[in-house]
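Dropping start37.cif in here (mmCIF, C-alpha atoms and all ligand atoms):
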```
data_coords
#
loop_
_atom_site.label_atom_id
_atom_site.label_comp_id
_atom_site.auth_asym_id
_atom_site.auth_seq_id
_atom_site.Cartn_x
_atom_site.Cartn_y
_atom_site.Cartn_z
CA MET A 285 -39.22 33.16 -14.00
CA PHE A 286 -39.46 33.20 -10.23
CA LYS A 287 -42.66 31.91 -8.70
CA ARG A 288 -43.83 32.76 -5.20
CA PRO A 289 -43.81 29.62 -2.98
CA LEU A 290 -47.24 28.48 -2.00
CA ILE A 291 -47.90 28.09 1.68
CA SER A 292 -50.56 25.50 2.19
CA ALA A 293 -52.95 25.96 5.04
CA PRO A 294 -53.33 23.18 7.60
CA LEU A 295 -55.91 20.70 6.39
CA SER A 296 -57.35 19.88 9.80
CA ILE A 297 -59.77 22.83 9.81
CA GLY A 298 -63.26 21.59 10.54
CA VAL A 299 -62.40 17.87 10.97
CA ASP A 300 -64.33 17.85 14.27
CA LYS A 301 -67.32 19.49 12.62
CA LEU A 302 -67.16 17.10 9.68
CA LEU A 303 -67.12 14.11 12.03
CA ALA A 304 -70.07 15.47 14.00
CA VAL A 305 -72.05 15.91 10.75
CA LEU A 306 -71.13 12.37 9.62
CA ARG A 307 -72.24 10.96 12.98
CA TRP A 308 -75.63 12.61 12.54
CA ALA A 309 -75.80 11.39 8.94
CA ALA A 310 -75.10 7.80 10.07
CA ILE A 311 -77.83 8.01 12.72
CA GLY A 312 -80.15 9.42 10.06
CA VAL A 313 -79.41 6.45 7.79
CA ILE A 314 -80.08 4.01 10.67
CA LEU A 315 -83.41 5.76 11.31
CA LEU A 316 -84.33 5.62 7.63
CA LEU A 317 -83.41 1.93 7.33
CA SER A 318 -85.44 0.97 10.40
CA TRP A 319 -88.38 2.99 9.06
CA LEU A 320 -88.15 1.27 5.64
CA ASN A 321 -87.75 -2.16 7.20
CA PRO A 322 -90.44 -2.85 9.82
CA GLU A 323 -88.45 -5.82 11.15
CA ARG A 324 -85.79 -3.45 12.41
CA PRO A 325 -86.63 -1.77 15.71
CA THR A 326 -86.74 2.04 15.40
CA HIS A 327 -86.20 2.60 19.10
CA ILE A 328 -82.45 1.87 18.80
CA ALA A 329 -82.07 4.64 16.21
CA LEU A 330 -84.13 7.01 18.37
CA ILE A 331 -82.05 6.24 21.47
CA LEU A 332 -78.88 6.81 19.43
CA ALA A 333 -80.22 10.15 18.17
CA ALA A 334 -81.13 11.19 21.73
CA TYR A 335 -77.70 10.10 22.99
CA ASN A 336 -75.92 11.98 20.22
CA GLY A 337 -77.98 15.10 20.88
CA LEU A 338 -77.13 14.83 24.57
CA VAL A 339 -73.42 14.49 23.75
CA GLU A 340 -73.57 17.59 21.49
CA VAL A 341 -75.22 19.67 24.21
CA ALA A 342 -73.06 18.33 27.04
CA LYS A 343 -69.85 18.74 25.03
CA THR A 344 -69.72 22.46 25.74
CA ARG A 345 -69.89 21.91 29.50
CA VAL A 346 -68.59 18.44 30.34
CA ARG A 347 -64.81 18.25 30.03
CA LEU A 348 -64.78 14.48 29.67
CA LEU A 349 -66.69 14.74 26.38
CA GLN A 350 -64.37 17.40 25.01
CA SER A 351 -61.38 15.05 24.94
CA PRO A 352 -61.36 12.38 22.20
CA ARG A 353 -60.38 9.74 24.81
CA GLY A 354 -63.30 10.74 27.05
CA LEU A 355 -65.76 10.66 24.17
CA PHE A 356 -64.37 7.30 23.07
CA ALA A 357 -64.86 5.84 26.57
CA VAL A 358 -68.43 7.20 26.91
CA ASP A 359 -69.32 6.07 23.35
CA THR A 360 -67.95 2.60 24.02
CA ALA A 361 -69.89 2.23 27.28
CA VAL A 362 -73.22 3.58 25.94
CA VAL A 363 -73.11 1.89 22.53
CA SER A 364 -71.98 -1.45 24.02
CA LEU A 365 -74.90 -1.36 26.45
CA LEU A 366 -77.25 -0.60 23.55
CA ILE A 367 -75.81 -3.52 21.60
CA PHE A 368 -76.06 -5.79 24.60
CA TRP A 369 -79.74 -4.95 25.24
CA GLY A 370 -80.75 -4.22 21.69
CA GLY A 371 -80.13 -7.34 19.62
CA GLY A 372 -76.35 -7.91 19.73
CA LEU A 373 -75.00 -8.30 16.23
CA ASP A 374 -78.37 -7.22 14.78
CA SER A 375 -78.16 -3.85 16.46
CA PRO A 376 -77.10 -1.08 14.06
CA ALA A 377 -75.66 0.93 16.97
CA TYR A 378 -72.16 -0.41 16.22
CA ILE A 379 -71.83 2.25 13.46
CA ILE A 380 -71.09 4.81 16.19
CA TYR A 381 -67.93 2.77 17.01
CA TYR A 382 -66.53 3.76 13.60
CA PHE A 383 -66.81 7.44 14.41
CA SER A 384 -65.35 7.18 17.88
CA VAL A 385 -62.41 5.24 16.44
CA ILE A 386 -61.76 8.00 13.88
CA THR A 387 -61.94 10.69 16.58
CA LEU A 388 -59.55 8.73 18.75
CA ALA A 389 -57.08 7.84 15.99
CA LEU A 390 -56.82 11.51 15.00
CA ASP A 391 -55.66 12.24 18.54
CA LEU A 392 -53.44 9.30 19.49
CA SER A 393 -50.32 7.67 18.11
CA LEU A 394 -50.67 4.70 15.76
CA VAL A 395 -49.82 2.18 18.52
CA GLU A 396 -52.20 3.72 21.07
CA ALA A 397 -55.00 3.93 18.50
CA THR A 398 -54.45 0.29 17.49
CA MET A 399 -54.52 -0.85 21.12
CA ALA A 400 -57.73 1.09 21.75
CA THR A 401 -59.25 -0.43 18.61
CA VAL A 402 -58.30 -3.95 19.74
CA ALA A 403 -59.97 -3.27 23.10
CA LEU A 404 -63.06 -1.94 21.35
CA GLY A 405 -63.14 -4.95 19.03
CA LEU A 406 -63.02 -7.29 22.04
CA VAL A 407 -65.81 -5.36 23.77
CA TYR A 408 -67.93 -5.51 20.61
CA ALA A 409 -67.34 -9.24 20.10
CA GLY A 410 -68.00 -9.89 23.83
CA THR A 411 -71.24 -7.90 24.00
CA SER A 412 -72.55 -9.33 20.72
CA ILE A 413 -71.95 -12.90 21.85
CA ALA A 414 -73.12 -12.27 25.42
CA SER A 415 -76.32 -10.55 24.30
CA GLY A 416 -77.57 -13.96 23.17
CA GLY A 417 -79.97 -12.37 20.73
CA LEU A 418 -79.25 -14.80 17.89
CA PRO A 419 -77.96 -18.31 17.27
CA TRP A 420 -74.21 -18.00 16.97
CA ASP A 421 -73.26 -19.62 13.68
CA ILE A 422 -70.66 -19.25 10.92
CA ALA A 423 -72.65 -16.56 9.11
CA ASN A 424 -72.78 -14.39 12.21
CA SER A 425 -69.09 -14.98 12.92
CA GLU A 426 -68.38 -13.73 9.41
CA ARG A 427 -70.55 -10.65 9.98
CA LEU A 428 -68.66 -9.88 13.17
CA ALA A 429 -65.26 -10.48 11.51
CA GLY A 430 -66.22 -8.15 8.64
CA ARG A 431 -67.23 -5.34 10.98
CA LEU A 432 -64.10 -5.76 13.10
CA SER A 433 -61.95 -5.61 9.95
CA ILE A 434 -63.63 -2.37 8.89
CA LEU A 435 -63.04 -1.00 12.40
CA PHE A 436 -59.30 -1.73 12.11
CA ILE A 437 -59.02 -0.34 8.61
CA ILE A 438 -60.75 2.88 9.68
CA SER A 439 -58.46 3.18 12.70
CA LEU A 440 -55.35 2.61 10.57
CA VAL A 441 -56.37 5.01 7.79
CA SER A 442 -57.28 7.72 10.32
CA SER A 443 -53.90 7.33 12.06
CA LEU A 444 -52.05 7.60 8.76
CA LEU A 445 -54.13 10.60 7.78
CA LYS A 446 -53.31 12.24 11.08
CA LYS A 447 -49.59 11.74 10.45
CA GLU A 448 -49.98 13.29 7.02
CA LEU A 449 -51.85 16.25 8.50
CA GLU A 450 -49.17 16.79 11.12
CA LEU A 451 -46.45 16.72 8.50
CA GLU A 452 -48.41 19.17 6.40
CA ARG A 453 -48.84 21.49 9.38
CA THR A 454 -45.15 21.34 10.32
CA LEU A 455 -44.15 22.07 6.74
CA ALA A 456 -46.57 24.98 6.50
CA ALA A 457 -45.27 26.42 9.78
CA ARG A 458 -41.66 26.03 8.62
CA LEU A 459 -42.42 27.63 5.26
CA LYS A 460 -44.11 30.53 6.99
CA GLU A 461 -41.10 30.94 9.27
CA LEU A 462 -38.76 30.95 6.26
CA GLU A 463 -40.95 33.49 4.45
CA GLN A 464 -40.83 35.74 7.50
CA MET A 465 -37.04 35.37 7.72
CA LYS A 466 -36.70 36.21 4.03
CA THR A 467 -38.95 39.25 4.34
CA GLY A 468 -37.09 40.42 7.45
CA PHE A 469 -33.75 40.00 5.69
CA LEU A 470 -34.93 41.86 2.58
CA SER A 471 -36.32 44.63 4.70
CA THR A 472 -33.06 45.07 6.66
CA VAL A 473 -30.82 44.90 3.59
CA SER A 474 -32.96 47.34 1.60
CA HIS A 475 -33.05 49.72 4.52
CA GLU A 476 -29.28 49.55 4.99
CA LEU A 477 -28.70 50.15 1.26
CA LYS A 478 -30.99 53.15 1.13
CA THR A 479 -28.84 55.59 3.16
CA PRO A 480 -25.51 55.08 1.31
CA LEU A 481 -27.37 55.19 -2.02
CA THR A 482 -28.93 58.53 -1.13
CA THR A 483 -25.48 59.90 -0.27
CA ILE A 484 -23.90 58.63 -3.52
CA LYS A 485 -26.82 60.04 -5.50
CA ALA A 486 -26.47 63.46 -3.85
CA SER A 487 -22.70 63.40 -4.54
CA ALA A 488 -23.24 62.57 -8.23
CA GLU A 489 -25.79 65.37 -8.54
CA LEU A 490 -23.37 67.78 -6.88
CA LEU A 491 -20.61 66.78 -9.31
CA LEU A 492 -22.95 67.26 -12.30
CA ALA A 493 -24.08 70.64 -11.00
CA GLY A 494 -20.40 71.65 -11.05
CA GLY A 495 -20.23 72.31 -7.30
CA PRO A 496 -16.65 71.08 -6.76
CA GLY A 497 -15.56 72.52 -10.15
CA PRO A 498 -16.33 72.01 -13.85
CA LEU A 499 -16.11 68.44 -15.27
CA ASN A 500 -14.42 67.63 -18.54
CA PRO A 501 -16.62 65.81 -21.13
CA THR A 502 -15.36 62.33 -20.16
CA GLN A 503 -15.84 62.99 -16.45
CA GLU A 504 -19.33 64.32 -17.14
CA ARG A 505 -20.25 61.24 -19.23
CA LEU A 506 -19.00 58.90 -16.53
CA THR A 507 -20.80 60.80 -13.78
CA ARG A 508 -24.06 60.83 -15.76
CA ASN A 509 -23.68 57.08 -16.25
CA MET A 510 -23.13 56.69 -12.53
CA ALA A 511 -26.18 58.84 -11.69
CA ARG A 512 -28.40 56.84 -14.09
CA ASN A 513 -27.37 53.54 -12.54
CA ILE A 514 -27.77 54.85 -9.01
CA GLU A 515 -31.30 55.83 -10.03
CA ARG A 516 -31.98 52.25 -11.19
CA LEU A 517 -30.50 50.81 -8.03
CA SER A 518 -32.57 53.17 -5.87
CA ALA A 519 -35.74 52.11 -7.72
CA LEU A 520 -34.88 48.44 -7.14
CA VAL A 521 -34.16 48.99 -3.44
CA GLY A 522 -37.40 50.98 -3.17
CA ASP A 523 -39.36 48.09 -4.73
CA LEU A 524 -37.76 45.54 -2.38
CA LEU A 525 -38.51 47.73 0.61
CA ASP A 526 -42.13 48.18 -0.49
CA MET A 527 -42.50 44.44 -1.02
CA ALA A 528 -41.12 43.68 2.45
CA ARG A 529 -43.34 46.33 4.06
CA LEU A 530 -46.40 44.98 2.25
CA ASP A 531 -45.57 41.46 3.44
CA GLU A 532 -45.13 42.59 7.02
CA GLY A 533 -48.33 44.65 6.79
CA LYS A 534 -46.24 47.71 7.66
CA LEU A 535 -46.95 49.78 4.59
CA SER A 536 -49.28 52.50 5.74
CA LEU A 537 -50.94 55.00 3.45
CA ASN A 538 -50.74 58.71 4.01
CA LEU A 539 -54.36 59.36 3.09
CA GLN A 540 -55.45 62.84 2.13
CA ARG A 541 -58.05 64.40 -0.09
CA VAL A 542 -56.10 65.09 -3.28
CA ASP A 543 -56.81 65.95 -6.89
CA LEU A 544 -56.20 62.86 -9.03
CA ASN A 545 -55.34 65.15 -11.98
CA GLU A 546 -52.29 66.38 -10.05
CA ALA A 547 -50.98 62.86 -9.38
CA ILE A 548 -51.48 62.13 -13.10
CA ARG A 549 -49.65 65.34 -14.08
CA ASP A 550 -46.60 64.45 -11.94
CA ALA A 551 -46.52 60.84 -13.16
CA ALA A 552 -46.71 61.99 -16.79
CA ALA A 553 -43.94 64.53 -16.18
CA ALA A 554 -41.69 61.76 -14.82
CA VAL A 555 -42.22 59.55 -17.89
CA ALA A 556 -42.25 62.29 -20.56
CA PRO A 557 -38.43 62.38 -21.01
CA LEU A 558 -38.39 58.59 -21.49
CA ALA A 559 -41.08 58.79 -24.19
CA GLU A 560 -39.28 61.64 -25.86
CA SER A 561 -36.00 59.71 -25.91
CA ARG A 562 -37.65 57.04 -28.09
CA GLY A 563 -39.76 59.33 -30.23
CA GLN A 564 -42.99 58.10 -28.65
CA ARG A 565 -46.14 60.17 -28.30
CA MET A 566 -47.66 60.20 -24.83
CA ARG A 567 -51.22 61.53 -24.68
CA VAL A 568 -52.78 62.41 -21.31
CA ASN A 569 -56.50 63.18 -21.02
CA TYR A 570 -57.11 64.84 -17.68
CA TYR A 571 -60.55 64.99 -16.08
CA PRO A 572 -61.94 68.40 -17.12
CA ASP A 573 -62.69 69.41 -13.50
CA PRO A 574 -60.77 68.71 -10.30
CA ALA A 575 -60.96 64.96 -9.55
CA PRO A 576 -61.01 64.67 -5.73
CA VAL A 577 -59.99 61.37 -4.20
CA VAL A 578 -59.00 60.23 -0.71
CA ALA A 579 -55.66 58.60 -1.39
CA ASP A 580 -51.92 58.56 -0.74
CA ARG A 581 -50.84 60.82 -3.57
CA ARG A 582 -47.24 59.56 -3.64
CA ARG A 583 -48.42 55.94 -3.89
CA VAL A 584 -51.00 56.65 -6.61
CA GLU A 585 -48.29 58.47 -8.53
CA GLN A 586 -45.98 55.46 -8.07
CA VAL A 587 -48.61 53.16 -9.61
CA LEU A 588 -49.23 55.50 -12.55
CA ILE A 589 -45.49 55.90 -13.20
CA ASN A 590 -45.20 52.11 -13.21
CA LEU A 591 -48.01 51.73 -15.76
CA LEU A 592 -46.79 54.59 -17.96
CA SER A 593 -43.16 53.44 -17.92
CA ASN A 594 -44.27 49.90 -18.80
CA ALA A 595 -46.29 51.32 -21.69
CA HIS A 596 -43.16 53.19 -22.78
CA LYS A 597 -40.95 50.09 -22.41
CA PHE A 598 -43.24 47.80 -24.38
CA THR A 599 -44.08 50.23 -27.20
CA PRO A 600 -41.71 50.41 -30.16
CA PRO A 601 -39.91 53.67 -30.95
CA GLY A 602 -42.27 56.09 -32.68
CA GLY A 603 -45.34 54.41 -31.17
CA HIS A 604 -47.83 56.01 -28.84
CA PHE A 605 -49.48 55.40 -25.50
CA ALA A 606 -52.16 57.22 -23.58
CA LEU A 607 -53.58 57.81 -20.12
CA GLU A 608 -57.25 58.63 -19.64
CA VAL A 609 -59.33 59.29 -16.56
CA HIS A 610 -63.11 58.90 -16.30
CA GLU A 611 -65.67 59.14 -13.58
CA ALA A 612 -67.42 55.80 -12.89
CA GLY A 613 -70.02 56.29 -10.16
CA PRO A 614 -68.24 56.18 -6.79
CA ASN A 615 -64.88 55.45 -8.49
CA TRP A 616 -62.34 57.06 -10.74
CA LEU A 617 -61.31 54.91 -13.66
CA VAL A 618 -57.78 55.49 -14.94
CA SER A 619 -56.60 53.57 -17.98
CA VAL A 620 -53.18 53.40 -19.56
CA SER A 621 -53.17 51.93 -23.05
CA ASP A 622 -50.41 51.37 -25.54
CA ASN A 623 -50.09 50.06 -29.07
CA GLY A 624 -47.06 47.99 -28.15
CA LEU A 625 -46.18 44.30 -28.09
CA GLY A 626 -49.22 43.12 -26.14
CA ILE A 627 -49.22 40.23 -23.67
CA PRO A 628 -49.78 36.57 -24.65
CA ARG A 629 -53.04 35.14 -23.29
CA ASP A 630 -51.34 32.52 -21.06
CA GLU A 631 -49.20 35.22 -19.42
CA LEU A 632 -52.08 37.52 -18.58
CA GLU A 633 -53.10 35.62 -15.44
CA HIS A 634 -49.54 35.88 -14.02
CA ILE A 635 -48.85 39.47 -14.91
CA PHE A 636 -49.56 40.74 -11.36
CA ASP A 637 -47.62 37.92 -9.66
CA ARG A 638 -44.56 38.86 -7.70
CA PHE A 639 -41.27 38.50 -9.66
CA TYR A 640 -43.16 37.53 -12.82
CA ARG A 641 -41.52 38.67 -16.02
CA GLY A 642 -43.06 37.86 -19.36
CA THR A 643 -41.17 36.29 -22.24
CA GLU A 644 -40.86 39.76 -23.79
CA HIS A 645 -39.56 41.44 -20.65
CA LYS A 646 -37.15 44.36 -20.95
CA GLY A 647 -35.07 43.83 -17.84
CA GLY A 648 -36.72 44.69 -14.54
CA THR A 649 -37.47 42.55 -11.51
CA GLY A 650 -41.10 41.75 -12.16
CA LEU A 651 -42.07 43.52 -8.93
CA GLY A 652 -43.68 46.66 -10.38
CA LEU A 653 -47.16 45.36 -11.19
CA SER A 654 -47.42 43.21 -8.07
CA ILE A 655 -46.63 46.24 -5.90
CA ALA A 656 -49.03 48.36 -7.96
CA LYS A 657 -51.78 45.82 -7.37
CA SER A 658 -51.17 45.71 -3.61
CA LEU A 659 -51.11 49.52 -3.41
CA ILE A 660 -54.36 49.87 -5.34
CA GLU A 661 -55.99 47.19 -3.19
CA LEU A 662 -54.83 49.01 -0.05
CA HIS A 663 -56.83 51.95 -1.44
CA GLY A 664 -59.85 49.67 -1.80
CA GLY A 665 -59.52 49.70 -5.59
CA LYS A 666 -58.88 47.23 -8.40
CA ILE A 667 -56.40 46.89 -11.23
CA TRP A 668 -56.72 44.72 -14.31
CA VAL A 669 -55.39 44.30 -17.83
CA GLU A 670 -56.72 43.61 -21.29
CA SER A 671 -54.26 42.85 -24.02
CA ARG A 672 -53.78 41.39 -27.48
CA VAL A 673 -50.45 40.33 -28.90
CA GLY A 674 -49.35 42.71 -31.62
CA LYS A 675 -52.16 45.18 -30.84
CA GLY A 676 -51.23 46.49 -27.40
CA SER A 677 -52.38 46.51 -23.81
CA THR A 678 -54.71 48.49 -21.60
CA PHE A 679 -54.17 48.56 -17.84
CA SER A 680 -57.15 49.90 -15.89
CA VAL A 681 -57.30 51.12 -12.32
CA SER A 682 -60.53 51.69 -10.47
CA LEU A 683 -59.98 53.90 -7.45
CA PRO A 684 -62.79 54.68 -4.97
CA LYS A 685 -63.27 58.42 -4.48
CA GLU A 686 -63.83 57.89 -0.77
CA LEU A 687 -62.05 55.19 1.20
CA PRO A 688 -64.42 53.86 3.89
CA GLY A 689 -62.85 54.25 7.33
CA ALA A 690 -60.16 56.61 6.04
CA TYR A 691 -59.29 59.56 8.24
CA GLU A 692 -57.94 62.76 6.91
P1 LIG A 701 -41.04 45.22 -13.91
O1 LIG A 701 -41.15 45.82 -12.55
O2 LIG A 701 -39.86 44.31 -14.09
O3 LIG A 701 -41.22 46.19 -15.03
P2 LIG A 701 -43.80 44.49 -14.01
O4 LIG A 701 -44.36 43.81 -12.83
O5 LIG A 701 -44.09 45.96 -14.16
O6 LIG A 701 -42.25 44.20 -14.04
O7 LIG A 701 -44.30 43.74 -15.31
C1 LIG A 701 -44.24 42.34 -15.35
C2 LIG A 701 -44.30 41.82 -16.77
O8 LIG A 701 -45.53 42.24 -17.38
C3 LIG A 701 -43.23 42.37 -17.70
O9 LIG A 701 -42.05 41.59 -17.62
C4 LIG A 701 -43.90 42.25 -19.06
O10 LIG A 701 -43.72 40.96 -19.57
C5 LIG A 701 -45.38 42.45 -18.76
N1 LIG A 701 -45.88 43.81 -19.07
C6 LIG A 701 -46.14 44.79 -18.18
N2 LIG A 701 -46.64 45.88 -18.79
C7 LIG A 701 -46.72 45.57 -20.11
C8 LIG A 701 -47.17 46.28 -21.29
N3 LIG A 701 -47.64 47.53 -21.22
N4 LIG A 701 -47.09 45.63 -22.47
C9 LIG A 701 -46.63 44.36 -22.55
N5 LIG A 701 -46.19 43.65 -21.49
C10 LIG A 701 -46.23 44.24 -20.28
#
```

For this file, write the structure as structure tokens.
Ligand code: ADP
Amino acid sequence: MFKRPLISAPLSIGVDKLLAVLRWAAIGVILLLSWLNPERPTHIALILAAYNGLVEVAKTRVRLLQSPRGLFAVDTAVVSLLIFWGGGLDSPAYIIYYFSVITLALDLSLVEATMATVALGLVYAGTSIASGGLPWDIANSERLAGRLSILFIISLVSSLLKKELELERTLAARLKELEQMKTGFLSTVSHELKTPLTTIKASAELLLAGGPGPLNPTQERLTRNMARNIERLSALVGDLLDMARLDEGKLSLNLQRVDLNEAIRDAAAAVAPLAESRGQRMRVNYYPDPAPVVADRRRVEQVLINLLSNAHKFTPPGGHFALEVHEAGPNWLVSVSDNGLGIPRDELEHIFDRFYRGTEHKGGTGLGLSIAKSLIELHGGKIWVESRVGKGSTFSVSLPKELPGAYE
């Protein structure tokens, strides 16, 4: 089974916002702690909150604050002054250092971030000691050493995380590029194959119609064989082309107001010979009145043919399958059910994946249902399946009668 590669999105989305929220949360905690503990001065927390608010407002206008280096420099200056005047090591303002280090490390290389952190550490140690707010003893040295260690760990982890994010982003970009190359290649190849195939098909039909002269039985058998295989090849090329167009967003619908009953009639007519060849009974319940829908008739027919031919493929000879159409408010509900093999529960969630073929597949590329799903979704509709092994499957399509924004 072939699984579609997953392209992971860059993880950096919202890191700035997350950091801003965390900064506010930290200030909130400082405020709460100073409110709970009367010995702690609340004015430091209030000044920090005012400073942070000012930074948030000024960020949109002042260029210096928009760059992580600028913000780091301003943070260092303001917070160091607050520490110097507001109790040295006792001041909780140092917490802001942690956030500026993260912001900086996410922007600089590991070496630059480490150097900046060393400088910040020296500034912190200098201002704490110089503030003279407390007797400098072993316990306070240990407090300072602990905070400096945390500062370095945060800087290091942020730098490593940044590297990881960059790698992730490069990989995602490369994967996207490869996907686009693959789609482009498939699109070109399918397109190039289409014209010669059409010519071979027309030639085979001409031979069978006896245009160049009557065929003997062996020639006729061989030509029929050729025509059947050209048909299969054309269907495969058509699927690949559809898939590439869907990927490139180039598959446009030819929307018109049509009668759904007519699309159903043509799809049933295409599958009837297949059902007959295996002694299967195909029942079609049309809507009793015209069933108007704004849709691309050829594409709706393509989806119905896919569902009906799957029902035929997965139903044993002599079995039966049915198509029904109902009105469901603003939608038409078309269901195709069979009393065939059914689909195992663990396969159901993959059934609409591209290139997915179940364990009981009967040839095929596994593209049919994924294209059907995309086509129905382009119409603003939905497709889903219910199935039980040994009992059969029901594929349902809900198609809006009117497609918002559609022009006729
Ligand atoms: P393909 O284009 O090769 O026919 P599809 O995308 O139409 O592939 O179907 C994918 C898989 O879904 C099949 O390989 C089969 O395992 C399963 N499947 C589809 N329709 C039915 C059905 N009516 N009954 C049982 N299995 C089905």

Which chains and residue numbers are within 9 Å of ligand LIG 701 (chain A), counting only C-alpha atoms and all ligand atoms, if I want them as JSON, numbers by chain?
{"A": [520, 523, 590, 591, 592, 593, 594, 595, 596, 597, 598, 599, 620, 621, 622, 623, 624, 625, 626, 627, 628, 631, 632, 634, 635, 636, 637, 638, 639, 640, 641, 642, 643, 644, 645, 646, 647, 648, 649, 650, 651, 652, 653, 654, 655, 656, 669, 671, 673, 676, 677, 678, 679]}

Computed gap from atom CA of A:Arg581 to atom CA of A:Gln540 is 7.6 Å

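Computed from the coordinates, the atom CA of A:Pro684 to atom CA of A:Phe605 distance equals 24.5 Å.
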
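Proximity to A:Gln586 was assessed for A:Lys446, A:Lys675, A:Arg431, A:Lys657 counting only C-alpha atoms; the smallest distance is recorded for A:Lys657.
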
Near A:Leu537, within 9 Å and counting only C-alpha atoms, which residues show up once chain neighbours fewer than 6 positions away are dropped, as a PDB file with C-alpha atoms, in the frame of the given file?
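Everything below was put into around01.pdb:
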```pdb
ATOM      1  CA  ALA A 579     -55.660  58.600  -1.390  1.00  0.00           C
ATOM      2  CA  ASP A 580     -51.920  58.560  -0.740  1.00  0.00           C
ATOM      3  CA  ARG A 583     -48.420  55.940  -3.890  1.00  0.00           C
ATOM      4  CA  LEU A 659     -51.110  49.520  -3.410  1.00  0.00           C
ATOM      5  CA  LEU A 662     -54.830  49.010  -0.050  1.00  0.00           C
ATOM      6  CA  HIS A 663     -56.830  51.950  -1.440  1.00  0.00           C
TER       7      HIS A 663
END
```

List the neighbours of stretch 404-416 of chain A out to 9 Å using only C-alpha atoms; skip same-chain residues closer than 4 positions along the sequence, and give me the result as a PyMOL selection string.
chain A and resi 360+364-365+367-375+378+381+385+399-400+420+428-429+432+435-436

Please identify all polymer residues within 9 Å of A:Ser518, counting only C-alpha atoms, omitting same-chain residues fewer than 5 positions from it, and present them as a list in words.
Leu477, Lys478, Leu481, Thr482, Lys485, Asn513 and Asp523 of chain A

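Straight-line separation from atom CA of A:Gly563 to atom CA of A:Asn545: 24.7 Å.
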
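Of the residues listed (A:Met527, A:Val362, A:Ala488, A:Ile379), A:Ala488 shows the shortest atom-to-atom separation from A:Ala511; distances use only C-alpha atoms.
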
Surrounding residues of A:Lys534 excluding itself and chain neighbours under 6 positions, 12 Å, all atoms listed in the file, as number ranges by chain:
A: 467-468, 471, 525-528, 662
